[in-house]
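One file, start-v4.txt, is given below (compact mmCIF, C-alpha atoms).
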# COMPACT_ATOMS: atom_id res chain seq x y z
CA MET X 24 23.54 164.77 42.43
CA ARG X 25 25.69 167.59 41.12
CA ILE X 26 28.03 166.29 38.44
CA VAL X 27 30.80 168.22 36.68
CA ILE X 28 31.92 166.95 33.28
CA ALA X 29 35.24 167.87 31.64
CA GLY X 30 34.96 168.04 27.88
CA GLY X 31 31.37 169.17 28.26
CA HIS X 32 30.82 169.80 24.54
CA GLY X 33 32.02 166.36 23.43
CA GLN X 34 29.65 163.97 21.72
CA ILE X 35 29.51 161.58 24.67
CA ALA X 36 29.33 164.42 27.20
CA LEU X 37 26.36 166.12 25.53
CA ARG X 38 24.47 162.81 25.52
CA LEU X 39 25.35 162.26 29.17
CA GLU X 40 24.28 165.78 30.11
CA ARG X 41 20.86 165.23 28.53
CA LEU X 42 20.43 161.95 30.41
CA LEU X 43 21.48 163.38 33.77
CA ALA X 44 19.50 166.60 33.44
CA GLY X 45 16.48 164.61 32.28
CA ARG X 46 16.47 162.56 35.46
CA GLY X 47 16.83 165.61 37.69
CA ASP X 48 20.56 165.82 38.37
CA GLU X 49 22.39 169.14 38.39
CA VAL X 50 24.99 169.06 35.63
CA ALA X 51 27.85 171.40 34.72
CA GLY X 52 30.06 170.97 31.67
CA ILE X 53 33.53 172.48 31.35
CA ILE X 54 34.04 173.92 27.86
CA ARG X 55 37.00 175.58 26.14
CA LYS X 56 35.03 177.80 23.75
CA PRO X 57 32.34 180.21 25.05
CA GLU X 58 30.38 179.75 21.80
CA GLN X 59 29.68 176.16 22.86
CA ALA X 60 27.61 177.34 25.83
CA ASP X 61 24.22 177.33 24.09
CA ASP X 62 24.58 173.65 23.15
CA LEU X 63 25.12 172.78 26.81
CA ARG X 64 22.15 174.86 27.94
CA GLU X 65 20.01 173.08 25.35
CA ALA X 66 21.19 169.76 26.85
CA GLY X 67 20.17 170.97 30.31
CA ALA X 68 23.69 171.61 31.59
CA GLU X 69 25.38 174.68 33.05
CA PRO X 70 28.27 175.77 30.80
CA VAL X 71 31.56 176.44 32.62
CA PRO X 72 34.14 178.11 30.33
CA LEU X 73 37.65 177.01 31.32
CA ASP X 74 40.67 175.89 29.28
CA LEU X 75 42.04 172.73 30.91
CA GLU X 76 45.29 173.12 28.96
CA SER X 77 46.14 176.36 30.73
CA ALA X 78 44.12 176.36 33.98
CA SER X 79 45.69 175.78 37.39
CA VAL X 80 44.67 172.98 39.73
CA GLU X 81 43.06 175.52 42.06
CA GLU X 82 41.04 177.09 39.21
CA VAL X 83 39.65 173.69 38.27
CA ALA X 84 39.08 172.72 41.91
CA GLU X 85 37.02 175.87 42.38
CA ARG X 86 34.63 174.66 39.65
CA LEU X 87 34.45 171.23 41.26
CA ARG X 88 33.73 172.26 44.85
CA GLY X 89 30.31 171.09 45.99
CA ALA X 90 30.03 168.41 43.31
CA ASP X 91 29.10 164.82 44.12
CA ALA X 92 30.97 163.39 41.14
CA ALA X 93 33.35 164.35 38.34
CA VAL X 94 33.51 162.84 34.85
CA PHE X 95 36.50 163.28 32.56
CA ALA X 96 35.18 162.99 29.00
CA ALA X 97 37.55 165.41 27.25
CA GLY X 98 39.73 164.51 24.28
CA ALA X 99 42.02 166.28 21.88
CA GLY X 100 40.33 164.69 18.87
CA PRO X 101 41.66 162.61 15.97
CA ASN X 102 43.21 165.50 14.02
CA SER X 103 44.76 167.32 16.95
CA GLY X 104 48.38 166.27 16.49
CA VAL X 105 50.80 164.57 18.84
CA ALA X 106 51.40 167.49 21.22
CA ARG X 107 47.75 167.82 22.27
CA LYS X 108 47.52 164.10 23.00
CA ASP X 109 49.89 164.88 25.85
CA THR X 110 48.29 168.16 26.97
CA VAL X 111 44.65 167.03 26.76
CA ASP X 112 44.31 163.24 26.78
CA LYS X 113 46.94 162.93 29.51
CA GLY X 114 47.62 166.38 30.98
CA ALA X 115 44.04 167.58 31.34
CA ALA X 116 42.97 164.24 32.82
CA VAL X 117 45.72 164.42 35.44
CA LEU X 118 44.82 168.04 36.20
CA PHE X 119 41.13 167.22 36.56
CA ALA X 120 41.88 164.30 38.88
CA ASP X 121 44.19 166.43 41.05
CA ALA X 122 41.53 169.14 41.18
CA ALA X 123 38.90 166.61 42.24
CA VAL X 124 41.15 165.51 45.10
CA ARG X 125 41.71 169.12 46.16
CA ALA X 126 37.98 169.87 45.98
CA GLY X 127 37.08 166.78 47.99
CA VAL X 128 35.12 165.13 45.16
CA ARG X 129 35.68 161.39 45.61
CA ARG X 130 33.57 159.85 42.82
CA PHE X 131 35.52 160.11 39.58
CA LEU X 132 34.81 158.54 36.19
CA ILE X 133 37.27 158.72 33.32
CA VAL X 134 36.36 157.89 29.73
CA SER X 135 39.40 156.13 28.32
CA SER X 136 39.84 154.00 25.22
CA MET X 137 40.05 150.33 24.35
CA GLY X 138 43.75 149.47 24.17
CA ALA X 139 44.92 152.33 26.40
CA ASP X 140 48.31 151.35 27.79
CA PRO X 141 51.15 153.48 29.23
CA GLY X 142 53.60 150.99 27.71
CA HIS X 143 52.07 151.07 24.22
CA GLN X 144 54.75 151.22 21.55
CA GLY X 145 54.82 153.29 18.34
CA ASP X 146 55.05 156.87 17.13
CA GLU X 147 51.93 157.26 15.01
CA ASP X 148 49.23 159.62 16.30
CA PHE X 149 47.02 156.74 17.48
CA ASP X 150 49.95 155.09 19.25
CA VAL X 151 50.66 158.33 21.11
CA TYR X 152 46.95 158.63 21.92
CA LEU X 153 46.73 155.13 23.43
CA ARG X 154 49.89 155.76 25.45
CA ALA X 155 48.58 159.13 26.72
CA LYS X 156 45.23 157.61 27.69
CA GLY X 157 47.01 154.73 29.41
CA GLU X 158 49.24 157.12 31.37
CA ALA X 159 46.18 159.14 32.44
CA ASP X 160 44.38 155.97 33.54
CA ALA X 161 47.39 154.80 35.53
CA TYR X 162 47.64 158.16 37.29
CA VAL X 163 43.98 158.13 38.29
CA GLN X 164 44.18 154.50 39.39
CA GLY X 165 46.98 155.47 41.77
CA LEU X 166 44.96 158.11 43.64
CA ASP X 167 43.61 156.68 46.88
CA ALA X 168 41.62 159.87 47.47
CA LEU X 169 39.35 159.07 44.50
CA ASP X 170 36.65 156.43 44.11
CA TRP X 171 37.52 156.04 40.44
CA THR X 172 36.10 153.97 37.62
CA VAL X 173 37.89 153.76 34.26
CA LEU X 174 35.63 153.08 31.26
CA ARG X 175 37.28 151.95 28.02
CA PRO X 176 34.80 151.89 25.12
CA GLY X 177 35.47 150.14 21.85
CA SER X 178 35.13 151.83 18.45
CA LEU X 179 32.63 154.65 18.87
CA THR X 180 29.68 154.94 16.49
CA ASP X 181 26.73 157.29 16.11
CA ASP X 182 24.26 154.42 15.77
CA LYS X 183 21.15 154.71 17.87
CA GLY X 184 21.81 152.90 21.11
CA THR X 185 19.76 149.77 21.81
CA GLY X 186 20.57 149.80 25.52
CA LEU X 187 22.25 146.40 25.15
CA VAL X 188 25.97 146.17 25.93
CA ARG X 189 28.84 143.97 27.01
CA LEU X 190 30.65 145.46 30.01
CA GLU X 191 33.51 143.47 31.52
CA ALA X 192 37.14 143.76 32.59
CA ARG X 193 38.01 142.33 29.16
CA THR X 194 35.52 142.25 26.31
CA GLY X 195 37.72 142.11 23.23
CA ARG X 196 37.41 144.71 20.51
CA GLY X 197 34.15 145.81 18.97
CA PRO X 198 31.94 148.83 18.22
CA VAL X 199 29.72 150.65 20.68
CA PRO X 200 27.31 153.56 20.12
CA ARG X 201 28.07 156.82 21.93
CA ASP X 202 24.48 156.62 23.24
CA ALA X 203 25.41 153.41 25.06
CA VAL X 204 28.58 154.92 26.52
CA ALA X 205 26.55 157.81 27.96
CA ARG X 206 23.96 155.40 29.42
CA VAL X 207 26.67 153.31 31.05
CA LEU X 208 28.32 156.40 32.54
CA ALA X 209 25.00 157.52 34.01
CA GLU X 210 24.48 154.07 35.52
CA LEU X 211 28.04 153.97 36.89
CA LEU X 212 27.42 157.26 38.67
CA ASP X 213 24.52 155.57 40.47
CA THR X 214 26.60 152.51 41.37
CA PRO X 215 29.34 153.35 43.89
CA ALA X 216 30.32 149.67 44.09
CA THR X 217 31.98 150.01 40.67
CA ALA X 218 34.72 152.15 42.23
CA GLY X 219 38.16 150.70 41.63
CA LEU X 220 37.15 148.93 38.41
CA THR X 221 38.61 149.32 34.93
CA LEU X 222 35.98 148.21 32.43
CA GLU X 223 35.81 147.64 28.69
CA LEU X 224 32.58 148.34 26.84
CA ILE X 225 31.22 147.16 23.50
CA SER X 226 27.78 146.44 22.09
CA GLY X 227 26.28 143.23 23.42
CA SER X 228 23.12 141.53 24.62
CA THR X 229 22.80 142.71 28.23
CA PRO X 230 20.71 145.72 29.32
CA VAL X 231 22.90 148.55 30.65
CA SER X 232 21.50 148.46 34.18
CA VAL X 233 21.98 144.69 34.43
CA ALA X 234 25.51 144.89 33.01
CA VAL X 235 26.55 147.54 35.55
CA LYS X 236 24.97 145.65 38.47
CA SER X 237 26.80 142.52 37.33
CA VAL X 238 30.27 144.11 37.36
CA ALA X 239 29.42 145.69 40.71
CA GLY X 240 28.78 142.23 42.13
CA ASN X 241 25.01 142.64 42.49
Represent the structure of the file as structure tokens.
Amino acid sequence: MRIVIAGGHGQIALRLERLLAGRGDEVAGIIRKPEQADDLREAGAEPVPLDLESASVEEVAERLRGADAAVFAAGAGPNSGVARKDTVDKGAAVLFADAAVRAGVRRFLIVSSMGADPGHQGDEDFDVYLRAKGEADAYVQGLDALDWTVLRPGSLTDDKGTGLVRLEARTGRGPVPRDAVARVLAELLDTPATAGLTLELISGSTPVSVAVKSVAGN
């Protein structure tokens, strides 16, 4: 497969790029800063410099044409301020989804967050973040032209992944290693029957492949 990842220099994205490249997929990662390119090449991915906060739908669609799947794994980051929650966590996700539709890329994964909700109340940075992620999810979920899957991980850690997770429509809160998130994303890409599902992910006792097959109904 050819897979294009938005937020290609993110911690989850770099892990996912290594996994996909290691199994023989062709991977491209969209990055905002050209100096990030070497890290993507080291992970086995093609760096694609493009600022999703200023690019047009057609510019993004051009980078997506010919891809088999698109993964939105971008984020403004915890210290980015309220404005960039709207322009990145929501705006860039909407742009990337629209571009996927225009480019004819049906398979679309979006990395969201536990607790994402367009109706979330509050004015603190994290409240705005959860609302922005929820609005982005809702937009993607409304696009019939995409075979979307929304993945909502719990609290992210840098612990070494064990490959054991809990993946369900509702898991309750809990931690999950970024390694595990990347493994689940890779497995979701291989499992088209997970299209149309919104899934929560935390550490658990089920191997990733089994957990994904279970939610897919296999």
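Atom pair atom CA of Leu211 of chain X / atom CA of Leu73 of chain X: separated by 25.6 Å.
Atom CA of Arg201 of chain X lies 15.7 Å from atom CA of Leu222 of chain X.
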### Task
Write out as a ChimeraX atom specification which residues come within 10 Å of segment 183-191 of chain X when counting all atoms listed in the file, dropping same-chain ones fewer than 4 positions away.
/X:174-176,195,197,199-207,220-235,237-238
Same residues, C-alpha atoms, output as an mmCIF file, in the frame of the given file:
data_model
loop_
_atom_site.group_PDB
_atom_site.id
_atom_site.type_symbol
_atom_site.label_atom_id
_atom_site.label_comp_id
_atom_site.auth_asym_id
_atom_site.auth_seq_id
_atom_site.Cartn_x
_atom_site.Cartn_y
_atom_site.Cartn_z
ATOM 1 C CA LEU X 174 35.630 153.080 31.260
ATOM 2 C CA ARG X 175 37.280 151.950 28.020
ATOM 3 C CA PRO X 176 34.800 151.890 25.120
ATOM 4 C CA GLY X 195 37.720 142.110 23.230
ATOM 5 C CA GLY X 197 34.150 145.810 18.970
ATOM 6 C CA VAL X 199 29.720 150.650 20.680
ATOM 7 C CA PRO X 200 27.310 153.560 20.120
ATOM 8 C CA ARG X 201 28.070 156.820 21.930
ATOM 9 C CA ASP X 202 24.480 156.620 23.240
ATOM 10 C CA ALA X 203 25.410 153.410 25.060
ATOM 11 C CA VAL X 204 28.580 154.920 26.520
ATOM 12 C CA ALA X 205 26.550 157.810 27.960
ATOM 13 C CA ARG X 206 23.960 155.400 29.420
ATOM 14 C CA VAL X 207 26.670 153.310 31.050
ATOM 15 C CA LEU X 220 37.150 148.930 38.410
ATOM 16 C CA THR X 221 38.610 149.320 34.930
ATOM 17 C CA LEU X 222 35.980 148.210 32.430
ATOM 18 C CA GLU X 223 35.810 147.640 28.690
ATOM 19 C CA LEU X 224 32.580 148.340 26.840
ATOM 20 C CA ILE X 225 31.220 147.160 23.500
ATOM 21 C CA SER X 226 27.780 146.440 22.090
ATOM 22 C CA GLY X 227 26.280 143.230 23.420
ATOM 23 C CA SER X 228 23.120 141.530 24.620
ATOM 24 C CA THR X 229 22.800 142.710 28.230
ATOM 25 C CA PRO X 230 20.710 145.720 29.320
ATOM 26 C CA VAL X 231 22.900 148.550 30.650
ATOM 27 C CA SER X 232 21.500 148.460 34.180
ATOM 28 C CA VAL X 233 21.980 144.690 34.430
ATOM 29 C CA ALA X 234 25.510 144.890 33.010
ATOM 30 C CA VAL X 235 26.550 147.540 35.550
ATOM 31 C CA SER X 237 26.800 142.520 37.330
ATOM 32 C CA VAL X 238 30.270 144.110 37.360
#
Give one line per residue of segment 130-183 of chain X that approaches segment 30-43 of chain X to at most 12 Å, naming the two atoms of the closest pair and their distance in Å to one decimal, counting only C-alpha atoms; sort by chain then ascending residue number and deliver it as CSV.
residue,atom,partner,partner_atom,distance
X:Ile133,CA,X:Gly30,CA,11.0
X:Val134,CA,X:Ile35,CA,9.3
X:Ser135,CA,X:Ile35,CA,11.9
X:Pro176,CA,X:Ile35,CA,11.0
X:Leu179,CA,X:Ile35,CA,9.6
X:Thr180,CA,X:Gln34,CA,10.4
X:Asp181,CA,X:Gln34,CA,9.2
X:Lys183,CA,X:Arg38,CA,11.6
### Query
If you count all atoms listed in the file, which residues fall within 10 Å of Leu118 of chain X, apart from same-chain ones fewer than 5 positions away, as a list in words?
Leu75, Glu76, Ala78, Ser79, Val80, Glu81, Val83, Ala84, Thr110, Val111, Lys113, Ala123, Val124 and Ala159 of chain X
### Message
For a test of reading the model, state the distance in Å between atom CA of Thr217 of chain X and atom CA of Gly45 of chain X, rounded to one decimal.
### Response
22.9 Å
